[in-house]
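Novice: Input: one structure, supplied below.
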Amino acid sequence: MSFQLNPHVTATQEPPLGETSGWVAAGLANPDLPVIDAAQAVPSYPPAEELRAHLARVVQDPASAFYTPILGLPELREALAADLSSGYDAAVSSDHVAITCGGNHAYCMAMLALAGPGDEVILPEPYYFNHEMWFAMQGIKAVRLPCRESPEGMVPDVDEAARLMTNRTRAILLITPNNPTGTIFTPARLKAFYDLARARSAALVVDETYRDFRPDEAPAHDLFTQEDWQDVFVQLYTFSKVFSLTGYRVGTIAAGPRLIAAIAKIADTMNICAPRVGQEAAIFGLRHLAAWRAEKRRDLLARIALLEEAFQRHQPNFHMVSKGAFFAYLRHPFTGEASMEVSRRLFTAQSVLTWPGSIFGSGQDAYIRLAFANAGPEEIEEMVARLAKFGATAA
Ligand SMILES: Cc1ncc(COP(=O)(O)O)c(C=O)c1O
């Protein structure tokens, strides 16, 4: 007799990367066109050279191989608190932050602290699939809140969220700038969700993985300045994207002391500490890479502008319903066709690799996601030209 697997884990969807990378492995691309990979959201550039040189020195010190405190190196917690305080015009202290093994780990720990089997969480749809996968594994009910097309992008409605909440609702989860849609929620919308969460004694968990790539220089929201923010707001962040450190696994949680104390228990049990080398990289980044960070932001904003110009020029038969950070969310012209099939055909005909809307939730078959941050500026023009050719084949 073989052992049994946790049925919650068995019932959870497979990592969705498999399907689309399978097309690449199977050589399904058009052999006459080089592949343009607009599927996974990874910065297309290496970490800063001075950061790499710094780490090369750090690893020579045997101390760099040892555990750090559970919640992270004090210097990193200080530097992050200062960064949050200046980024949000707020007074965030190092006691309010915990260092994690990346953004996904920050999310899983925060949700573990907030919700257990049978509890409910409001999950805007389309969602970042790993968020939903955690709920499935934990036996948490993900109550889907549809995001709808609007001039602001794809947005969830606060009144609709209020109607979906019950006395089992432990949290409302938002991502801004959003993955997969790129939509950046306004400070007013975020505040309305904050007020709702507060009124229902739930947490407002906001994943701000892409916060460094907003066009607006003003703070993304004023939630850290609310008098009772520590009882309501939980911010998730990661150094993966800002310093191009996806493999170093270092992220953060900012929250009030009750949640941070719960995180200490979870982290001690789960990972003991985040990788020290990743933490050293993040410290260096926060202390020395302000100019590099600003330059990467400008580069990305320039790419969004290029994408929009290319859409103007080529007028592809795809409607860009929202854009921001690394992503554009496109409504495709093949009405009624499953988005998986549209993405697959786009790859075989034009060698452009995208992710279908269907991997981000139900009701998403009309859309595909373009992670254009992966593409260099030259590739963006070419990608849109190919989208136009493919879109022209729609009836
Ligand atoms: C919204 C969001 N949260 C978290 C993550 C994961 O970040 P990390 O690589 O730091 O775990 C991603 C990565 O794509 C993301 O898009």
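Scheme for the structure tokens: letters A, B, ... for chains in order shown; per-chain residue numbers from 1; ligand numbers from 1 in order shown.
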If we count only C-alpha atoms and set the cut-off at 10 Å, which residues sit around Ala192 of chain A, ignoring sequence neighbours fewer than 5 positions away in its own chain? Please answer as an MDAnalysis selection string.
Specialist: chainID A and resid 157:159 186:187 197:198
Novice: Please, which residues of segment 220-268 of chain A, numbered as in this document, come out helix (DSSP H, G or I) from DSSP, as a list in words?
Specialist: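 Everything in segment 220-268 of chain A that counts as helix (DSSP H, G or I) is Leu223, Phe224, Thr225, Trp229, Gln230, Asp231, Phe239, Ser240, Lys241, Val242, Pro257, Arg258, Leu259, Ile260, Ala261, Ala262, Ile263, Ala264, Lys265, Ile266, Ala267 and Asp268 of chain A.
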Novice: Only N, CA and C atoms, please: the residues just picked out, written as a compact mmCIF listing (two decimals), in the first residue's frame.
Specialist:
```
# COMPACT_ATOMS: atom_id res chain seq x y z
N LEU A 223 -2.48 54.10 3.32
CA LEU A 223 -2.91 53.12 4.33
C LEU A 223 -1.97 53.07 5.53
N PHE A 224 -0.66 53.28 5.28
CA PHE A 224 0.29 53.25 6.40
C PHE A 224 0.13 54.46 7.33
N THR A 225 -0.63 55.45 6.87
CA THR A 225 -0.79 56.63 7.73
C THR A 225 -2.11 56.59 8.49
N TRP A 229 -3.82 51.43 11.29
CA TRP A 229 -3.39 50.56 10.18
C TRP A 229 -2.88 49.21 10.67
N GLN A 230 -2.28 49.21 11.86
CA GLN A 230 -1.66 47.97 12.33
C GLN A 230 -2.69 46.88 12.67
N ASP A 231 -3.97 47.30 12.79
CA ASP A 231 -5.03 46.32 13.06
C ASP A 231 -5.74 45.87 11.79
N PHE A 239 11.96 41.70 -2.97
CA PHE A 239 13.10 42.31 -3.67
C PHE A 239 13.36 41.62 -5.02
N SER A 240 12.55 40.61 -5.32
CA SER A 240 12.76 39.83 -6.55
C SER A 240 12.78 40.70 -7.79
N LYS A 241 11.79 41.60 -7.88
CA LYS A 241 11.64 42.36 -9.13
C LYS A 241 12.47 43.65 -9.06
N VAL A 242 12.41 44.34 -7.93
CA VAL A 242 13.05 45.66 -7.87
C VAL A 242 14.56 45.58 -8.09
N PRO A 257 2.18 44.64 15.20
CA PRO A 257 2.95 43.69 16.03
C PRO A 257 2.27 42.33 16.24
N ARG A 258 0.93 42.31 16.25
CA ARG A 258 0.27 41.00 16.46
C ARG A 258 0.58 40.08 15.29
N LEU A 259 0.47 40.61 14.08
CA LEU A 259 0.74 39.76 12.93
C LEU A 259 2.22 39.41 12.85
N ILE A 260 3.09 40.37 13.13
CA ILE A 260 4.54 40.10 13.04
C ILE A 260 4.93 39.01 14.06
N ALA A 261 4.31 39.03 15.24
CA ALA A 261 4.61 37.99 16.24
C ALA A 261 4.15 36.62 15.73
N ALA A 262 3.02 36.59 15.04
CA ALA A 262 2.54 35.31 14.47
C ALA A 262 3.50 34.84 13.37
N ILE A 263 3.99 35.80 12.59
CA ILE A 263 4.92 35.45 11.50
C ILE A 263 6.21 34.85 12.09
N ALA A 264 6.64 35.38 13.23
CA ALA A 264 7.87 34.85 13.84
C ALA A 264 7.70 33.36 14.17
N LYS A 265 6.52 32.98 14.66
CA LYS A 265 6.28 31.55 14.95
C LYS A 265 6.33 30.73 13.67
N ILE A 266 5.64 31.25 12.67
CA ILE A 266 5.55 30.49 11.41
C ILE A 266 6.92 30.37 10.76
N ALA A 267 7.64 31.50 10.69
CA ALA A 267 8.94 31.49 10.02
C ALA A 267 9.92 30.58 10.77
N ASP A 268 9.88 30.62 12.09
CA ASP A 268 10.79 29.78 12.87
C ASP A 268 10.58 28.30 12.53
```
Novice: Show me which residues sit within 8 Å of ligand 1 when counting only C-alpha atoms and all ligand atoms, and put them as a JSON list (two decimals) with N, CA and C atoms, in the first residue's frame.
Specialist:
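Output below, filename pocket-v9.json:
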```
[["chain", "number", "residue", "atom", "x", "y", "z"],
["A", 40, "GLN", "N", 6.41, 34.54, -18.64],
["A", 40, "GLN", "CA", 6.67, 34.68, -17.20],
["A", 40, "GLN", "C", 7.20, 36.07, -16.88],
["A", 41, "ALA", "N", 6.82, 36.56, -15.68],
["A", 41, "ALA", "CA", 7.20, 37.93, -15.29],
["A", 41, "ALA", "C", 8.56, 37.94, -14.61],
["A", 42, "VAL", "N", 9.61, 38.00, -15.42],
["A", 42, "VAL", "CA", 10.95, 38.09, -14.83],
["A", 42, "VAL", "C", 11.63, 39.32, -15.42],
["A", 101, "CYS", "N", 11.27, 34.63, 2.64],
["A", 101, "CYS", "CA", 11.97, 34.02, 1.50],
["A", 101, "CYS", "C", 11.23, 34.38, 0.20],
["A", 102, "GLY", "N", 11.07, 35.64, -0.07],
["A", 102, "GLY", "CA", 10.40, 36.07, -1.30],
["A", 102, "GLY", "C", 8.94, 36.43, -1.07],
["A", 103, "GLY", "N", 8.33, 36.92, -2.15],
["A", 103, "GLY", "CA", 6.95, 37.41, -2.07],
["A", 103, "GLY", "C", 5.94, 36.30, -1.85],
["A", 104, "ASN", "N", 6.11, 35.16, -2.52],
["A", 104, "ASN", "CA", 5.15, 34.07, -2.32],
["A", 104, "ASN", "C", 5.19, 33.57, -0.88],
["A", 105, "HIS", "N", 6.38, 33.49, -0.32],
["A", 105, "HIS", "CA", 6.51, 33.03, 1.06],
["A", 105, "HIS", "C", 5.89, 34.05, 2.02],
["A", 106, "ALA", "N", 6.10, 35.32, 1.72],
["A", 106, "ALA", "CA", 5.47, 36.37, 2.54],
["A", 106, "ALA", "C", 3.96, 36.18, 2.53],
["A", 107, "TYR", "N", 3.44, 35.92, 1.35],
["A", 107, "TYR", "CA", 1.99, 35.73, 1.19],
["A", 107, "TYR", "C", 1.50, 34.50, 1.98],
["A", 128, "TYR", "N", -3.67, 36.05, -9.15],
["A", 128, "TYR", "CA", -2.33, 35.46, -9.33],
["A", 128, "TYR", "C", -2.47, 34.01, -8.87],
["A", 175, "ILE", "N", -3.94, 42.97, -5.24],
["A", 175, "ILE", "CA", -2.59, 43.11, -5.81],
["A", 175, "ILE", "C", -2.56, 44.40, -6.61],
["A", 176, "THR", "N", -1.64, 45.28, -6.27],
["A", 176, "THR", "CA", -1.50, 46.51, -7.05],
["A", 176, "THR", "C", -0.05, 46.98, -7.06],
["A", 178, "ASN", "N", -1.29, 45.28, -10.54],
["A", 178, "ASN", "CA", -1.85, 43.93, -10.53],
["A", 178, "ASN", "C", -1.12, 42.96, -11.46],
["A", 179, "ASN", "N", -1.01, 41.76, -10.98],
["A", 179, "ASN", "CA", -0.67, 40.61, -11.81],
["A", 179, "ASN", "C", -1.94, 39.75, -11.79],
["A", 180, "PRO", "N", -2.58, 39.50, -12.91],
["A", 180, "PRO", "CA", -2.08, 39.58, -14.28],
["A", 180, "PRO", "C", -2.43, 40.83, -15.07],
["A", 207, "ASP", "N", -0.68, 42.92, -1.93],
["A", 207, "ASP", "CA", 0.57, 42.46, -2.50],
["A", 207, "ASP", "C", 1.09, 43.57, -3.42],
["A", 208, "GLU", "N", 2.21, 44.18, -3.03],
["A", 208, "GLU", "CA", 2.76, 45.30, -3.79],
["A", 208, "GLU", "C", 4.11, 44.93, -4.42],
["A", 209, "THR", "N", 4.18, 43.70, -4.90],
["A", 209, "THR", "CA", 5.38, 43.20, -5.58],
["A", 209, "THR", "C", 5.92, 44.18, -6.63],
["A", 210, "TYR", "N", 5.02, 44.86, -7.33],
["A", 210, "TYR", "CA", 5.43, 45.72, -8.46],
["A", 210, "TYR", "C", 5.37, 47.20, -8.11],
["A", 236, "LEU", "N", 2.53, 43.16, 1.48],
["A", 236, "LEU", "CA", 3.50, 42.16, 1.02],
["A", 236, "LEU", "C", 4.37, 42.79, -0.07],
["A", 237, "TYR", "N", 5.64, 42.45, -0.03],
["A", 237, "TYR", "CA", 6.58, 43.05, -0.99],
["A", 237, "TYR", "C", 7.72, 42.05, -1.20],
["A", 238, "THR", "N", 8.49, 42.27, -2.23],
["A", 238, "THR", "CA", 9.62, 41.38, -2.52],
["A", 238, "THR", "C", 10.75, 42.16, -3.18],
["A", 239, "PHE", "N", 11.96, 41.70, -2.97],
["A", 239, "PHE", "CA", 13.10, 42.31, -3.67],
["A", 239, "PHE", "C", 13.36, 41.62, -5.02],
["A", 240, "SER", "N", 12.55, 40.61, -5.32],
["A", 240, "SER", "CA", 12.76, 39.83, -6.55],
["A", 240, "SER", "C", 12.78, 40.70, -7.79],
["A", 241, "LYS", "N", 11.79, 41.60, -7.88],
["A", 241, "LYS", "CA", 11.64, 42.36, -9.13],
["A", 241, "LYS", "C", 12.47, 43.65, -9.06],
["A", 246, "THR", "N", 15.33, 37.31, -8.39],
["A", 246, "THR", "CA", 14.30, 36.28, -8.21],
["A", 246, "THR", "C", 14.84, 34.99, -7.57],
["A", 247, "GLY", "N", 16.10, 34.68, -7.84],
["A", 247, "GLY", "CA", 16.66, 33.43, -7.30],
["A", 247, "GLY", "C", 17.20, 33.55, -5.88],
["A", 249, "ARG", "N", 15.60, 34.83, -3.28],
["A", 249, "ARG", "CA", 14.48, 34.57, -2.39],
["A", 249, "ARG", "C", 14.50, 35.48, -1.17],
["A", 250, "VAL", "N", 14.12, 36.71, -1.40],
["A", 250, "VAL", "CA", 14.01, 37.63, -0.27],
["A", 250, "VAL", "C", 12.85, 38.60, -0.50],
["A", 251, "GLY", "N", 11.93, 38.59, 0.47],
["A", 251, "GLY", "CA", 10.73, 39.43, 0.39],
["A", 251, "GLY", "C", 10.39, 39.96, 1.77]]
```
Novice: Skip segment 299-310 of chain A itself and residues of its chain fewer than 5 positions away, then list as an mmCIF file with C-alpha atoms, in the first residue's frame all residues within 12 Å of it, counting only C-alpha atoms.
Specialist:
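Listing of selection_24.cif after writing:
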```cif
data_model
loop_
_atom_site.group_PDB
_atom_site.id
_atom_site.type_symbol
_atom_site.label_atom_id
_atom_site.label_comp_id
_atom_site.auth_asym_id
_atom_site.auth_seq_id
_atom_site.Cartn_x
_atom_site.Cartn_y
_atom_site.Cartn_z
ATOM 1 C CA PRO A 43 13.040 41.237 -15.184
ATOM 2 C CA SER A 44 14.939 40.979 -18.467
ATOM 3 C CA TYR A 45 18.165 42.384 -16.981
ATOM 4 C CA GLY A 182 -1.276 45.498 -14.755
ATOM 5 C CA TYR A 210 5.433 45.721 -8.457
ATOM 6 C CA ASP A 212 8.522 50.244 -7.835
ATOM 7 C CA PHE A 213 7.172 50.339 -11.356
ATOM 8 C CA ARG A 214 4.305 52.809 -10.994
ATOM 9 C CA PRO A 215 4.268 55.880 -13.238
ATOM 10 C CA ASP A 216 3.134 58.076 -10.355
ATOM 11 C CA LYS A 241 11.642 42.360 -9.126
ATOM 12 C CA VAL A 242 13.049 45.658 -7.873
ATOM 13 C CA TRP A 292 19.702 51.989 -10.491
ATOM 14 C CA ARG A 293 16.194 51.413 -9.147
ATOM 15 C CA ALA A 294 15.009 54.738 -10.591
ATOM 16 C CA GLN A 315 -3.706 48.574 -34.579
ATOM 17 C CA PRO A 316 -3.731 44.873 -33.680
ATOM 18 C CA HIS A 319 -7.944 45.348 -27.115
ATOM 19 C CA MET A 320 -5.547 46.396 -24.341
ATOM 20 C CA VAL A 321 -7.946 46.509 -21.397
ATOM 21 C CA SER A 322 -5.255 47.394 -18.898
ATOM 22 C CA LYS A 323 -1.518 47.812 -18.555
ATOM 23 C CA GLY A 324 1.017 48.580 -15.872
ATOM 24 C CA ALA A 325 4.138 47.230 -14.190
ATOM 25 C CA PHE A 326 5.257 44.189 -16.219
ATOM 26 C CA PHE A 327 1.897 43.380 -17.793
ATOM 27 C CA ALA A 328 -0.731 44.170 -20.368
ATOM 28 C CA LEU A 370 1.435 39.831 -22.123
ATOM 29 C CA ALA A 371 4.414 40.065 -19.730
ATOM 30 C CA PHE A 372 6.123 42.621 -21.936
ATOM 31 C CA ALA A 373 8.831 43.452 -19.353
ATOM 32 C CA ASN A 374 10.581 40.308 -20.553
ATOM 33 C CA ALA A 375 10.941 41.764 -24.016
ATOM 34 C CA GLY A 376 13.632 44.280 -24.872
ATOM 35 C CA PRO A 377 12.488 47.523 -26.537
ATOM 36 C CA GLU A 378 13.245 46.200 -30.063
ATOM 37 C CA GLU A 379 11.226 43.074 -29.415
ATOM 38 C CA ILE A 380 8.161 45.049 -28.344
ATOM 39 C CA GLU A 381 7.645 46.550 -31.803
ATOM 40 C CA GLU A 382 8.105 43.159 -33.405
ATOM 41 C CA MET A 383 5.761 41.493 -30.899
ATOM 42 C CA VAL A 384 2.925 43.926 -31.636
ATOM 43 C CA ALA A 385 3.473 43.575 -35.394
ATOM 44 C CA ARG A 386 3.089 39.823 -34.982
ATOM 45 C CA LEU A 387 -0.006 40.265 -32.794
ATOM 46 C CA ALA A 388 -1.496 42.372 -35.592
#
```
Novice: Write out, as CSV, each residue of segment 25-137 of chain A that has an atom at most 12 Å from segment 148-152 of chain A, together with the closest pair of atoms and their distance in Å to one decimal, counting only C-alpha atoms, rows going by chain and rising number.
Specialist:
```
residue,atom,partner,partner_atom,distance
A:Pro124,CA,A:Arg148,CA,10.0
A:Glu125,CA,A:Arg148,CA,9.0
A:Pro126,CA,A:Arg148,CA,9.5
```
Novice: Identify, on the basis of only C-alpha atoms, every residue whose closest approach to Ala63 of chain A does not exceed 10 Å; exclude the query and any residue fewer than 5 positions from it along the same chain; express the result as an mmCIF file with N, CA and C atoms, in the first residue's frame.
Specialist:
```
data_model
loop_
_atom_site.group_PDB
_atom_site.id
_atom_site.type_symbol
_atom_site.label_atom_id
_atom_site.label_comp_id
_atom_site.auth_asym_id
_atom_site.auth_seq_id
_atom_site.Cartn_x
_atom_site.Cartn_y
_atom_site.Cartn_z
ATOM 1 N N VAL A 58 30.986 39.299 0.046
ATOM 2 C CA VAL A 58 30.230 38.846 1.223
ATOM 3 C C VAL A 58 30.401 37.343 1.446
ATOM 4 N N THR A 68 20.314 33.905 10.225
ATOM 5 C CA THR A 68 20.113 35.274 10.712
ATOM 6 C C THR A 68 18.983 35.212 11.749
ATOM 7 N N ARG A 276 20.594 34.332 3.965
ATOM 8 C CA ARG A 276 21.386 35.509 4.371
ATOM 9 C C ARG A 276 21.942 36.249 3.152
#
```
Novice: Report as a PyMOL selection string all protein, DNA and RNA residues lying within 7 Å of Thr348 of chain A, evaluated on only C-alpha atoms, omitting residues in the same chain fewer than 4 positions from it.
Specialist: chain A and resi 28-30+344
Novice: For a quick check of understanding, using only C-alpha atoms, which of A:Val24, A:Leu51, A:Leu114, A:Leu346 has the smallest distance to Leu245 of chain A?
Specialist: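 Closest to Leu245 of chain A of all the choices is A:Leu51.
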Novice: Write out as a count of residues only all residues of segment 115-300 of chain A that backbone DSSP assigns to strand (DSSP E).
Specialist: 40
Novice: Please provide the set of residues having any atom within 8 Å of segment 161-164 of chain A, restricted to only C-alpha atoms, with same-chain residues fewer than 3 positions apart removed, written as number ranges by chain.
Specialist: A: 122, 143, 145, 156-158, 196
Novice: Given only C-alpha atoms as the basis, pick out the residue of A:Gly285, A:Gly87, A:Pro34, A:Pro7 nearest to Ala220 of chain A.
Specialist: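 Between A:Gly285, A:Gly87, A:Pro34, A:Pro7, the residue approaching Ala220 of chain A most closely is A:Gly87.
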Novice: Quick one: residues within 8 Å of Ala115 of chain A, only C-alpha atoms counted, chain neighbours fewer than 6 positions away excluded, as a list in words?
Specialist: Val121, Ile140, Arg170 and Ala171 of chain A
Novice: Would you mind exporting N, CA and C atoms of the selected residues as a compact mmCIF listing (two decimals), in the first residue's frame?
Specialist:
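Saved to part.txt:
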```
# COMPACT_ATOMS: atom_id res chain seq x y z
N VAL A 121 -11.79 34.05 2.28
CA VAL A 121 -10.99 35.22 1.90
C VAL A 121 -11.56 35.75 0.58
N ILE A 140 -9.13 26.72 2.56
CA ILE A 140 -9.73 28.05 2.77
C ILE A 140 -10.64 28.32 1.57
N ARG A 170 -11.95 36.41 6.61
CA ARG A 170 -10.79 36.83 7.42
C ARG A 170 -9.96 37.90 6.73
N ALA A 171 -10.06 37.97 5.42
CA ALA A 171 -9.19 38.93 4.71
C ALA A 171 -9.74 39.25 3.33
```
Novice: To one decimal place, how far is atom CA of Asp37 of chain A from atom CA of Tyr127 of chain A in Å?
Specialist: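 The value is 21.1 Å.
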